[in-house]
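So this block is model.txt, compact mmCIF, C-alpha atoms:
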# COMPACT_ATOMS: atom_id res chain seq x y z
CA MET A 1 -3.56 2.45 13.80
CA LYS A 2 -2.37 4.71 11.01
CA ILE A 3 -4.46 4.64 7.80
CA LEU A 4 -3.78 6.44 4.53
CA HIS A 5 -7.02 7.27 2.70
CA THR A 6 -6.92 8.04 -1.02
CA SER A 7 -9.25 7.65 -4.01
CA ASP A 8 -10.10 8.68 -7.56
CA TRP A 9 -6.73 8.10 -9.19
CA HIS A 10 -8.43 7.78 -12.61
CA LEU A 11 -5.42 6.12 -14.19
CA GLY A 12 -5.54 6.61 -17.95
CA ARG A 13 -7.34 9.95 -17.83
CA THR A 14 -6.23 13.08 -19.64
CA LEU A 15 -6.72 16.77 -18.82
CA HIS A 16 -8.12 18.57 -21.86
CA GLY A 17 -6.00 16.25 -24.01
CA GLU A 18 -2.90 16.51 -21.82
CA ASP A 19 -1.42 13.09 -21.04
CA LEU A 20 -1.23 12.75 -17.25
CA HIS A 21 0.53 9.37 -17.08
CA GLU A 22 3.93 10.67 -15.96
CA HIS A 23 2.30 12.98 -13.42
CA GLN A 24 0.36 9.99 -12.09
CA ARG A 25 3.59 8.04 -11.85
CA THR A 26 5.11 10.90 -9.84
CA PHE A 27 2.13 10.75 -7.47
CA HIS A 28 2.56 7.00 -7.01
CA ASP A 29 6.25 7.44 -6.14
CA PHE A 30 5.21 10.13 -3.65
CA LEU A 31 2.57 7.80 -2.19
CA VAL A 32 4.93 4.87 -1.65
CA ASP A 33 7.53 7.14 -0.05
CA LEU A 34 4.88 8.68 2.24
CA VAL A 35 3.57 5.29 3.34
CA GLU A 36 7.07 4.12 4.17
CA ARG A 37 8.08 7.33 5.92
CA GLU A 38 4.90 7.57 8.03
CA LYS A 39 4.86 3.82 8.77
CA VAL A 40 1.27 3.55 7.52
CA ASP A 41 -0.50 0.35 8.58
CA VAL A 42 -3.27 0.35 5.93
CA VAL A 43 -3.72 2.12 2.59
CA ALA A 44 -7.46 2.47 1.85
CA ILE A 45 -8.31 3.27 -1.80
CA ALA A 46 -11.98 4.21 -2.19
CA GLY A 47 -12.67 3.59 -5.86
CA ASP A 48 -12.05 4.89 -9.39
CA VAL A 49 -8.53 3.53 -9.52
CA TYR A 50 -8.90 3.43 -13.31
CA ASP A 51 -10.69 6.02 -15.41
CA ARG A 52 -12.54 3.45 -17.52
CA SER A 53 -13.41 -0.20 -17.35
CA ILE A 54 -10.80 -1.15 -20.00
CA PRO A 55 -7.74 0.92 -19.06
CA PRO A 56 -4.59 1.48 -21.14
CA VAL A 57 -1.81 -1.06 -20.72
CA ALA A 58 0.49 1.61 -19.28
CA SER A 59 -2.06 2.31 -16.53
CA VAL A 60 -2.40 -1.39 -15.71
CA ASP A 61 1.40 -1.67 -15.47
CA LEU A 62 1.56 1.40 -13.22
CA LEU A 63 -1.07 0.02 -10.84
CA ASN A 64 0.61 -3.37 -10.78
CA ASP A 65 3.95 -1.80 -9.93
CA THR A 66 2.47 0.44 -7.22
CA LEU A 67 0.49 -2.32 -5.52
CA THR A 68 3.56 -4.56 -5.56
CA ARG A 69 5.67 -1.88 -3.91
CA LEU A 70 2.98 -1.08 -1.33
CA ALA A 71 2.39 -4.75 -0.48
CA ASP A 72 6.01 -5.02 0.63
CA ILE A 73 5.55 -2.34 3.32
CA THR A 74 1.85 -2.18 4.28
CA THR A 75 -1.65 -3.61 3.84
CA VAL A 76 -3.65 -2.32 0.85
CA ILE A 77 -7.45 -2.41 0.73
CA LEU A 78 -9.30 -1.09 -2.32
CA THR A 79 -12.80 -1.13 -3.73
CA PRO A 80 -14.07 -0.22 -7.24
CA GLY A 81 -15.84 3.00 -8.17
CA ASN A 82 -18.30 3.86 -10.91
CA HIS A 83 -15.49 4.29 -13.48
CA ASP A 84 -13.88 0.94 -12.72
CA SER A 85 -15.18 -2.41 -13.84
CA ALA A 86 -15.69 -4.33 -10.59
CA ALA A 87 -15.29 -7.64 -12.41
CA ARG A 88 -12.04 -6.63 -14.12
CA LEU A 89 -10.54 -4.79 -11.13
CA GLY A 90 -11.50 -7.74 -8.93
CA PHE A 91 -9.97 -10.35 -11.22
CA GLY A 92 -7.43 -12.34 -9.27
CA ALA A 93 -8.58 -10.86 -5.94
CA LYS A 94 -8.57 -14.31 -4.33
CA LEU A 95 -5.05 -14.94 -5.64
CA MET A 96 -3.61 -11.74 -4.21
CA GLY A 97 -0.98 -12.00 -1.54
CA ARG A 98 -1.76 -11.13 2.05
CA GLY A 99 -0.80 -7.51 1.44
CA VAL A 100 -3.47 -6.56 -1.13
CA HIS A 101 -7.24 -6.95 -0.68
CA ILE A 102 -9.65 -6.03 -3.49
CA LEU A 103 -13.20 -5.76 -2.14
CA SER A 104 -15.20 -5.82 -5.38
CA GLU A 105 -18.10 -8.19 -4.69
CA THR A 106 -21.35 -6.48 -3.74
CA GLY A 107 -22.55 -9.77 -2.30
CA GLY A 108 -19.69 -9.70 0.18
CA VAL A 109 -19.98 -6.19 1.61
CA GLU A 110 -20.48 -7.65 5.10
CA ARG A 111 -17.22 -9.62 4.97
CA PRO A 112 -14.42 -7.39 6.28
CA VAL A 113 -10.67 -7.43 6.05
CA THR A 114 -9.38 -7.56 9.61
CA VAL A 115 -6.19 -5.74 10.56
CA ALA A 116 -4.99 -5.82 14.17
CA ASP A 117 -2.91 -3.40 16.22
CA GLU A 118 -1.96 -3.29 19.90
CA HIS A 119 -5.53 -2.29 20.82
CA GLY A 120 -7.25 -5.13 18.97
CA GLU A 121 -8.83 -5.62 15.56
CA VAL A 122 -10.08 -3.04 13.07
CA LEU A 123 -12.65 -4.19 10.51
CA PHE A 124 -12.39 -2.76 6.99
CA PHE A 125 -15.48 -3.05 4.78
CA GLY A 126 -15.63 -2.24 1.06
CA LEU A 127 -18.75 -0.72 -0.50
CA PRO A 128 -17.93 -0.54 -4.21
CA TYR A 129 -20.10 1.65 -6.41
CA LEU A 130 -23.55 0.15 -5.86
CA ASP A 131 -25.55 0.47 -9.09
CA PRO A 132 -29.19 0.40 -7.93
CA ASP A 133 -30.38 -1.15 -11.20
CA ILE A 134 -28.27 -4.22 -10.40
CA VAL A 135 -27.80 -4.33 -6.66
CA ARG A 136 -31.46 -3.87 -5.67
CA PHE A 137 -32.15 -7.32 -7.14
CA ALA A 138 -28.97 -8.90 -5.74
CA PHE A 139 -29.72 -7.59 -2.24
CA ALA A 140 -33.34 -8.79 -2.21
CA ALA A 141 -34.01 -11.99 -0.28
CA GLU A 142 -35.24 -14.96 -2.30
CA GLY A 143 -38.93 -14.60 -3.08
CA GLU A 144 -39.04 -10.95 -1.99
CA GLN A 145 -39.48 -7.80 -4.05
CA PRO A 146 -36.32 -5.93 -5.12
CA LEU A 147 -35.24 -2.91 -3.12
CA ALA A 148 -36.33 0.57 -4.15
CA ARG A 149 -34.48 1.93 -7.19
CA SER A 150 -32.23 4.41 -5.42
CA HIS A 151 -28.71 4.81 -4.08
CA GLU A 152 -30.19 5.40 -0.64
CA SER A 153 -31.97 2.05 -0.46
CA VAL A 154 -29.09 -0.14 -1.64
CA THR A 155 -26.51 1.71 0.47
CA ARG A 156 -28.72 1.42 3.55
CA GLU A 157 -29.03 -2.34 3.02
CA ALA A 158 -25.25 -2.64 2.59
CA MET A 159 -24.67 -0.68 5.81
CA ASP A 160 -27.24 -2.79 7.68
CA ARG A 161 -25.16 -5.83 6.77
CA VAL A 162 -21.98 -4.05 7.87
CA ARG A 163 -23.50 -3.07 11.22
CA ARG A 164 -24.58 -6.65 11.92
CA THR A 165 -21.01 -7.84 11.37
CA VAL A 166 -19.62 -5.11 13.65
CA GLN A 167 -22.00 -6.21 16.39
CA GLN A 168 -20.97 -9.84 15.93
CA HIS A 169 -17.37 -8.72 16.55
CA GLY A 170 -18.37 -7.09 19.84
CA GLY A 171 -18.44 -3.55 18.48
CA ALA A 172 -14.89 -3.66 17.13
CA ARG A 173 -13.44 -0.54 15.54
CA SER A 174 -14.56 -0.27 11.93
CA VAL A 175 -13.79 1.53 8.68
CA VAL A 176 -16.00 1.62 5.58
CA LEU A 177 -14.62 2.40 2.11
CA ALA A 178 -17.59 3.77 0.14
CA HIS A 179 -17.72 5.14 -3.39
CA THR A 180 -20.82 7.33 -3.44
CA PHE A 181 -22.15 10.90 -3.32
CA VAL A 182 -23.07 11.93 0.23
CA SER A 183 -25.58 14.79 0.45
CA GLY A 184 -23.86 18.08 1.17
CA GLY A 185 -20.64 17.18 -0.62
CA GLU A 186 -19.16 19.70 -3.06
CA GLY A 187 -18.80 18.26 -6.56
CA SER A 188 -17.02 19.35 -9.74
CA ASP A 189 -17.52 19.05 -13.50
CA SER A 190 -15.19 16.07 -13.84
CA GLU A 191 -17.22 13.52 -11.85
CA ARG A 192 -19.52 11.18 -13.74
CA ASP A 193 -23.20 11.68 -12.92
CA LEU A 194 -24.60 9.01 -10.57
CA THR A 195 -28.26 9.99 -10.97
CA ILE A 196 -30.69 7.09 -10.76
CA GLY A 197 -34.38 7.88 -10.81
CA GLY A 198 -33.64 11.58 -10.32
CA VAL A 199 -31.62 11.01 -7.11
CA ASP A 200 -27.82 10.87 -7.08
CA SER A 201 -26.90 11.03 -3.38
CA VAL A 202 -27.27 9.35 0.01
CA THR A 203 -27.75 10.94 3.42
CA GLY A 204 -24.82 10.95 5.81
CA SER A 205 -26.83 9.32 8.60
CA ILE A 206 -26.84 6.10 6.59
CA PHE A 207 -23.26 5.41 7.76
CA ALA A 208 -24.02 5.43 11.49
CA GLY A 209 -22.52 2.61 13.52
CA VAL A 210 -18.92 2.68 12.24
CA ASP A 211 -15.90 4.78 13.18
CA TYR A 212 -14.53 6.14 9.90
CA VAL A 213 -15.91 6.37 6.36
CA ALA A 214 -13.27 6.65 3.63
CA LEU A 215 -15.29 8.21 0.81
CA GLY A 216 -14.56 8.27 -2.90
CA HIS A 217 -16.20 9.85 -5.97
CA LEU A 218 -16.00 13.61 -5.31
CA HIS A 219 -12.69 15.09 -6.45
CA GLY A 220 -12.31 17.78 -3.79
CA CYS A 221 -10.75 16.91 -0.44
CA GLN A 222 -13.44 17.66 2.15
CA ASN A 223 -14.55 16.85 5.67
CA MET A 224 -18.16 15.70 5.75
CA ALA A 225 -18.61 16.59 9.44
CA GLY A 226 -21.80 18.59 9.72
CA HIS A 227 -23.54 16.38 7.16
CA ILE A 228 -23.56 13.39 9.52
CA PRO A 229 -25.54 13.61 12.80
CA ASP A 230 -23.56 13.65 16.07
CA GLN A 231 -20.27 13.92 14.13
CA ARG A 232 -19.93 10.14 14.23
CA PRO A 233 -18.68 8.44 12.23
CA ALA A 234 -15.96 10.70 10.96
CA ALA A 235 -16.22 10.85 7.17
CA TRP A 236 -13.96 12.45 4.58
CA TYR A 237 -13.52 12.58 0.84
CA SER A 238 -9.81 12.40 0.12
CA GLY A 239 -10.45 13.76 -3.37
CA SER A 240 -8.40 13.05 -6.47
CA PRO A 241 -4.62 13.47 -6.27
CA LEU A 242 -4.55 15.40 -9.58
CA PRO A 243 -7.03 17.83 -11.18
CA PHE A 244 -9.15 16.62 -14.10
CA SER A 245 -11.00 19.80 -15.09
CA PHE A 246 -10.80 23.57 -14.62
CA SER A 247 -13.69 23.31 -12.16
CA GLU A 248 -11.06 21.88 -9.78
CA LYS A 249 -8.76 24.90 -10.05
CA ASN A 250 -9.33 25.90 -6.41
CA HIS A 251 -8.93 22.40 -4.98
CA ARG A 252 -6.05 21.61 -2.65
CA LYS A 253 -5.20 18.08 -3.75
CA ALA A 254 -4.27 15.71 -0.94
CA VAL A 255 -4.24 12.26 0.59
CA LEU A 256 -5.39 11.80 4.18
CA ILE A 257 -3.43 10.36 7.10
CA VAL A 258 -6.00 8.97 9.55
CA ASP A 259 -4.75 8.18 13.06
CA MET A 260 -7.26 5.88 14.80
CA GLY A 261 -7.18 5.59 18.58
CA ALA A 262 -8.06 2.67 20.80
CA ASP A 263 -11.66 3.92 21.16
CA GLY A 264 -12.20 4.40 17.41
CA SER A 265 -11.74 8.18 17.48
CA VAL A 266 -9.73 9.57 14.57
CA ASP A 267 -7.41 12.46 13.85
CA VAL A 268 -7.30 13.30 10.12
CA THR A 269 -4.38 15.16 8.51
CA PRO A 270 -4.47 16.15 4.79
CA VAL A 271 -1.08 15.78 3.08
CA PRO A 272 -0.74 17.78 -0.19
CA THR A 273 0.02 15.74 -3.31
CA PRO A 274 2.50 16.81 -6.01
CA VAL A 275 0.45 18.74 -8.59
CA PRO A 276 2.81 19.83 -11.39
CA ARG A 277 1.03 23.03 -12.43
CA ARG A 278 -1.72 25.38 -11.37
CA LEU A 279 -4.97 25.61 -13.32
CA ILE A 280 -5.55 29.20 -14.43
CA GLU A 281 -8.39 30.78 -16.43
CA LEU A 282 -7.54 34.09 -18.11
CA THR A 283 -10.11 36.45 -19.61
CA GLY A 284 -9.81 39.77 -21.47
CA ASP A 285 -8.68 41.21 -24.79
CA LEU A 286 -5.73 39.48 -26.41
CA ASP A 287 -3.13 42.01 -25.21
CA THR A 288 -4.39 41.77 -21.63
CA VAL A 289 -4.19 37.98 -21.68
CA LEU A 290 -0.74 37.91 -23.29
CA ALA A 291 0.54 40.40 -20.70
CA GLN A 292 0.09 37.73 -18.01
CA ALA A 293 2.51 35.28 -19.63
CA GLY A 294 5.26 36.22 -17.19
CA GLU A 295 3.13 35.18 -14.22
CA HIS A 296 1.35 32.18 -15.76
CA GLY A 297 3.67 30.94 -18.49
CA ASP A 298 4.29 27.64 -16.69
CA ASP A 299 0.65 27.05 -15.68
CA TRP A 300 -2.11 25.04 -17.32
CA VAL A 301 -4.10 27.85 -18.91
CA PHE A 302 -7.52 28.25 -20.49
CA ALA A 303 -7.78 31.62 -22.22
CA THR A 304 -10.98 33.45 -23.17
CA VAL A 305 -10.29 36.33 -25.55
CA GLN A 306 -12.97 39.04 -25.65
CA GLU A 307 -12.82 41.53 -28.53
CA THR A 308 -15.14 42.88 -31.22
CA THR A 309 -13.57 40.67 -33.89
CA ARG A 310 -11.39 37.60 -33.66
CA PRO A 311 -7.72 38.68 -33.61
CA PRO A 312 -5.60 37.24 -36.43
CA HIS A 313 -3.33 34.33 -35.43
CA MET A 314 -4.90 34.31 -31.96
CA GLN A 315 -4.14 30.67 -31.12
CA GLU A 316 -0.56 30.86 -32.36
CA LYS A 317 0.17 33.92 -30.23
CA LEU A 318 -1.41 32.35 -27.17
CA ARG A 319 0.49 29.08 -27.55
CA ARG A 320 3.81 30.90 -27.87
CA ALA A 321 3.07 32.80 -24.66
CA PHE A 322 1.61 29.84 -22.75
CA PRO A 323 3.39 26.58 -23.69
CA HIS A 324 1.05 24.56 -21.45
CA MET A 325 -2.19 26.13 -22.64
CA LEU A 326 -4.97 23.52 -22.63
CA GLY A 327 -7.62 25.49 -24.50
CA CYS A 328 -8.84 28.86 -25.67
CA GLU A 329 -11.96 30.48 -27.06
CA PHE A 330 -12.97 33.75 -28.68
CA VAL A 331 -16.03 35.63 -27.45
CA SER A 332 -17.21 38.64 -29.44
CA THR A 333 -18.06 41.73 -27.42
CA VAL A 334 -20.50 42.88 -30.12
CA HIS A 335 -24.05 42.69 -28.77
CA ARG A 336 -26.34 40.48 -30.82
CA ASP A 337 -30.01 39.87 -30.34
CA ARG A 338 -30.32 36.18 -29.48
CA SER A 339 -34.00 36.34 -28.54
CA THR A 340 -34.98 34.53 -31.74
CA ALA A 341 -33.08 31.82 -33.56
CA PRO A 342 -32.36 32.48 -37.26
CA VAL A 343 -34.52 30.50 -39.66
CA VAL A 344 -32.79 28.84 -42.62
CA SER A 345 -34.80 27.60 -45.59
CA GLU A 346 -33.85 25.70 -48.74
CA ALA A 347 -34.63 28.75 -50.86
CA MET A 348 -32.00 30.90 -49.15
CA ASP A 349 -28.64 31.65 -50.76
CA PRO A 350 -26.02 29.34 -49.12
CA VAL A 351 -23.37 32.05 -49.39
CA ALA A 352 -25.57 34.45 -47.43
CA VAL A 353 -26.34 31.79 -44.80
CA VAL A 354 -22.63 31.03 -44.24
CA GLY A 355 -21.84 34.73 -44.17
CA GLU A 356 -24.45 35.34 -41.49
CA PHE A 357 -23.12 32.41 -39.47
CA TYR A 358 -19.59 33.82 -39.72
CA GLN A 359 -20.80 37.23 -38.57
CA GLN A 360 -22.46 35.69 -35.50
CA LEU A 361 -19.24 33.89 -34.58
CA ALA A 362 -16.72 36.62 -35.38
CA GLY A 363 -18.80 39.72 -34.73
CA ALA A 364 -17.99 41.14 -38.18
CA GLU A 365 -18.93 40.51 -41.80
CA PRO A 366 -16.59 38.27 -43.82
CA THR A 367 -14.01 40.06 -45.95
CA HIS A 368 -14.13 40.03 -49.76
CA ALA A 369 -11.50 37.27 -49.86
CA GLN A 370 -13.46 35.19 -47.37
CA VAL A 371 -16.66 35.61 -49.39
CA GLU A 372 -14.80 34.34 -52.47
CA LEU A 373 -13.69 31.24 -50.52
CA ILE A 374 -17.28 30.61 -49.41
CA GLU A 375 -18.57 30.97 -52.97
CA GLN A 376 -15.94 28.55 -54.27
CA ALA A 377 -16.84 26.01 -51.54
CA VAL A 378 -20.52 26.25 -52.51
CA ARG A 379 -19.69 25.74 -56.21
CA ASP A 380 -17.54 22.70 -55.38
CA ALA A 381 -20.29 21.21 -53.21
CA ARG A 382 -22.89 21.68 -55.96
CA ALA A 383 -20.60 20.12 -58.55
CA ALA A 384 -19.96 17.10 -56.32
CA HIS A 385 -23.71 16.75 -55.72
CA ASP A 386 -24.50 16.87 -59.44
CA GLU A 387 -21.79 14.27 -60.19
CA ASN A 388 -23.13 11.91 -57.54
CA SER A 389 -26.65 12.32 -58.88
CA GLN A 390 -25.56 11.44 -62.42
CA ARG A 391 -23.77 8.33 -61.15
CA ALA A 392 -26.87 7.28 -59.27
CA ARG A 393 -29.07 7.62 -62.38
CA ALA A 394 -26.54 5.68 -64.47

Let me see the structure of the file written as structure tokens.
Amino acid sequence: MKILHTSDWHLGRTLHGEDLHEHQRTFHDFLVDLVEREKVDVVAIAGDVYDRSIPPVASVDLLNDTLTRLADITTVILTPGNHDSAARLGFGAKLMGRGVHILSETGGVERPVTVADEHGEVLFFGLPYLDPDIVRFAFAAEGEQPLARSHESVTREAMDRVRRTVQQHGGARSVVLAHTFVSGGEGSDSERDLTIGGVDSVTGSIFAGVDYVALGHLHGCQNMAGHIPDQRPAAWYSGSPLPFSFSEKNHRKAVLIVDMGADGSVDVTPVPTPVPRRLIELTGDLDTVLAQAGEHGDDWVFATVQETTRPPHMQEKLRRAFPHMLGCEFVSTVHRDRSTAPVVSEAMDPVAVVGEFYQQLAGAEPTHAQVELIEQAVRDARAAHDENSQRARA
């Protein structure tokens, strides 16, 4: 059986304010073409289809169009992540055609979608993001205490239920879609924290007893072999198809083609996704940064300019050189003693306080013209305060 594993589409998300919708549409076209070309039997989507529980209309339309196209050529199985709303993503799940299965109910984690090939059936189970504060009560038997407040405890209970079903099917081949943080995985800045009670991960051994674990949540494509005893089951994060922060600049974005044999063994092949631009961070004085425009003019750039004082028209010059610049900052190279924080009191001159603040930011004292602007702003603020006070007394 040929399975395509993907996750973390985050439809509706931006990259430092950059609208990614058209790039996401390009990925979806790529995905449908790949599924058709490779004759994929099942597309497994392991959570965070949307970036937030109430997604933009354009994102809903894009997902609807993509699922419709995929349903014509393959079987789609998806489960919600921590960014999705399980209730909203699962709406209409029972009305879906035979080609699309949304596994969003935590109370039904032991009920698989069964897909058959020439070697027999393969059971697909969906473990949506299991919020311990909710699921530990739902998983507790009537009259019993709730489970421990941790991802480990609720995920272990879910997998116990999965294993019982696999045994009932005579040890049939099995795949689990799980949206969670497995210990040893490499994260990035763009993933939402899952910490509950100080613990945000589960051990890999918790997934024993199945053949493949299609993981979602972490945005880097990575093989979790080595973090699961005996290398079984095979477990991978497909990662996100597009980058969502500069912490992902070294990621190789991909979807995974998983070839499953008759005995449940798998061969996993990452297929690169179409990422429109590289993520590049440039650091140095303004001239040094600008000199790299020829090499990085078409990249997504974050520039850090380091000089003694902020160069005039810095942002304008950078944006002309880097049309796709997503952000920039100035860092003064003047050493300042930061061992003690400055103390500001009501008796201090506001002009002096603002001037000191400016010097800390820019690494130089404000010019005479700038001081005049500060003084005028202080006079205007005092006049407005006095006027408001007179109105209040009246």

Please list, as a PDB file with C-alpha atoms, in the frame of the given file, the residues that have an atom at most 7 Å away from (-24.5, -7.1, 3.8) in the coordinates of this file, counting all atoms listed in the file.
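Output (out_12.pdb):
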ATOM      1  CA  GLY A 107     -22.550  -9.770  -2.300  1.00  0.00           C
ATOM      2  CA  GLY A 108     -19.690  -9.700   0.180  1.00  0.00           C
ATOM      3  CA  VAL A 109     -19.980  -6.190   1.610  1.00  0.00           C
ATOM      4  CA  GLU A 110     -20.480  -7.650   5.100  1.00  0.00           C
ATOM      5  CA  GLU A 157     -29.030  -2.340   3.020  1.00  0.00           C
ATOM      6  CA  ALA A 158     -25.250  -2.640   2.590  1.00  0.00           C
ATOM      7  CA  MET A 159     -24.670  -0.680   5.810  1.00  0.00           C
ATOM      8  CA  ASP A 160     -27.240  -2.790   7.680  1.00  0.00           C
ATOM      9  CA  ARG A 161     -25.160  -5.830   6.770  1.00  0.00           C
ATOM     10  CA  VAL A 162     -21.980  -4.050   7.870  1.00  0.00           C
TER      11      VAL A 162
END

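Here CA of His5 (chain A) and CA of Asn223 (chain A) stand 12.5 Å from one another.
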
query: Which of these, A:Phe302, A:Tyr50, A:Phe357, A:Phe137, has the shortest distance to Phe330 (chain A) once you count all atoms listed in the file?
result: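 The shortest atom-to-atom distance to Phe330 (chain A) comes from A:Phe302.
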
task: Show which residues sit within 6 Å of Leu123 (chain A), as a PyMOL selection string. Count only C-alpha atoms, and ignore same-chain residues fewer than 6 positions away.
output: chain A and resi 112-114+174

task: Quick one: pull the distance between CA of Asp19 (chain A) and CA of Thr66 (chain A), Å, one decimal.
output: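 Going from CA of Asp19 (chain A) over to CA of Thr66 (chain A), I get 19.1 Å.
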
message: With 6 Å as the threshold, what does the neighbourhood of (-0.4, 24.9, -18.3) contain in terms of residues, counting only C-alpha atoms? Coordinates are those of the file; answer as a PyMOL selection string.
response: chain A and resi 298-301+324-325

Using all atoms listed in the file: which of A:Val213, A:Ser240, A:Pro233, A:Glu144 has the shortest distance to Ser188 (chain A):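 Selected residue with least distance to Ser188 (chain A): A:Ser240.
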
- prompt: Between CA of Gly209 (chain A) and CA of Gly185 (chain A), what is the spacing in Å?
  reply: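 Rounded to one decimal, the two atoms are 20.4 Å apart.
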
query: So which residues touch Ser201 (chain A) within 7 Å, counting only C-alpha atoms, skipping near sequence neighbours fewer than 3 positions away, as an NGL selection string?
result: :A and (151 or 181-183)

query: If we count all atoms listed in the file, what is near Asp263 (chain A) at a cut-off of 12 Å, once residues fewer than 6 positions away on the same chain are taken out, given as a PyMOL selection string?
result: chain A and resi 1+119-122+171-174+210-212

Starting from the incomplete input, reconstruct all heavy atoms of region 35-41 of chain A and write that as an mmCIF file, keeping the file's coordinate frame.
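For reference, result-v2.cif as written:
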data_model
loop_
_atom_site.group_PDB
_atom_site.id
_atom_site.type_symbol
_atom_site.label_atom_id
_atom_site.label_comp_id
_atom_site.auth_asym_id
_atom_site.auth_seq_id
_atom_site.Cartn_x
_atom_site.Cartn_y
_atom_site.Cartn_z
ATOM 1 N N VAL A 35 3.983 6.457 2.558
ATOM 2 C CA VAL A 35 3.570 5.290 3.340
ATOM 3 C C VAL A 35 4.739 4.719 4.130
ATOM 4 O O VAL A 35 4.605 4.373 5.316
ATOM 5 C CB VAL A 35 2.961 4.211 2.405
ATOM 6 C CG1 VAL A 35 2.795 2.885 3.125
ATOM 7 C CG2 VAL A 35 1.626 4.689 1.845
ATOM 8 N N GLU A 36 5.879 4.656 3.488
ATOM 9 C CA GLU A 36 7.070 4.120 4.170
ATOM 10 C C GLU A 36 7.554 5.059 5.254
ATOM 11 O O GLU A 36 7.881 4.636 6.370
ATOM 12 C CB GLU A 36 8.169 3.866 3.131
ATOM 13 C CG GLU A 36 9.356 3.099 3.684
ATOM 14 C CD GLU A 36 10.270 2.592 2.582
ATOM 15 O OE1 GLU A 36 10.253 3.176 1.468
ATOM 16 O OE2 GLU A 36 10.991 1.609 2.829
ATOM 17 N N ARG A 37 7.573 6.351 4.954
ATOM 18 C CA ARG A 37 8.080 7.330 5.920
ATOM 19 C C ARG A 37 7.182 7.431 7.152
ATOM 20 O O ARG A 37 7.660 7.548 8.287
ATOM 21 C CB ARG A 37 8.206 8.699 5.244
ATOM 22 C CG ARG A 37 8.823 9.772 6.139
ATOM 23 C CD ARG A 37 9.082 11.049 5.369
ATOM 24 N NE ARG A 37 7.862 11.736 4.968
ATOM 25 C CZ ARG A 37 7.420 11.811 3.708
ATOM 26 N NH1 ARG A 37 8.090 11.226 2.730
ATOM 27 N NH2 ARG A 37 6.318 12.467 3.427
ATOM 28 N N GLU A 38 5.848 7.409 6.928
ATOM 29 C CA GLU A 38 4.900 7.570 8.030
ATOM 30 C C GLU A 38 4.558 6.247 8.713
ATOM 31 O O GLU A 38 3.758 6.232 9.638
ATOM 32 C CB GLU A 38 3.611 8.221 7.509
ATOM 33 C CG GLU A 38 3.774 9.647 7.050
ATOM 34 C CD GLU A 38 4.064 10.585 8.209
ATOM 35 O OE1 GLU A 38 3.554 10.330 9.323
ATOM 36 O OE2 GLU A 38 4.802 11.565 8.013
ATOM 37 N N LYS A 39 5.139 5.150 8.211
ATOM 38 C CA LYS A 39 4.860 3.820 8.770
ATOM 39 C C LYS A 39 3.345 3.557 8.813
ATOM 40 O O LYS A 39 2.770 3.192 9.850
ATOM 41 C CB LYS A 39 5.471 3.667 10.162
ATOM 42 C CG LYS A 39 7.005 3.736 10.148
ATOM 43 C CD LYS A 39 7.574 3.573 11.534
ATOM 44 C CE LYS A 39 9.099 3.433 11.510
ATOM 45 N NZ LYS A 39 9.779 4.544 10.810
ATOM 46 N N VAL A 40 2.715 3.732 7.659
ATOM 47 C CA VAL A 40 1.270 3.550 7.520
ATOM 48 C C VAL A 40 0.933 2.063 7.621
ATOM 49 O O VAL A 40 1.593 1.213 7.004
ATOM 50 C CB VAL A 40 0.788 4.129 6.176
ATOM 51 C CG1 VAL A 40 -0.649 3.720 5.878
ATOM 52 C CG2 VAL A 40 0.918 5.653 6.187
ATOM 53 N N ASP A 41 -0.091 1.743 8.397
ATOM 54 C CA ASP A 41 -0.500 0.350 8.580
ATOM 55 C C ASP A 41 -1.416 -0.142 7.460
ATOM 56 O O ASP A 41 -1.344 -1.309 7.064
ATOM 57 C CB ASP A 41 -1.234 0.195 9.918
ATOM 58 C CG ASP A 41 -0.352 0.552 11.099
ATOM 59 O OD1 ASP A 41 0.664 -0.144 11.304
ATOM 60 O OD2 ASP A 41 -0.672 1.540 11.802
#
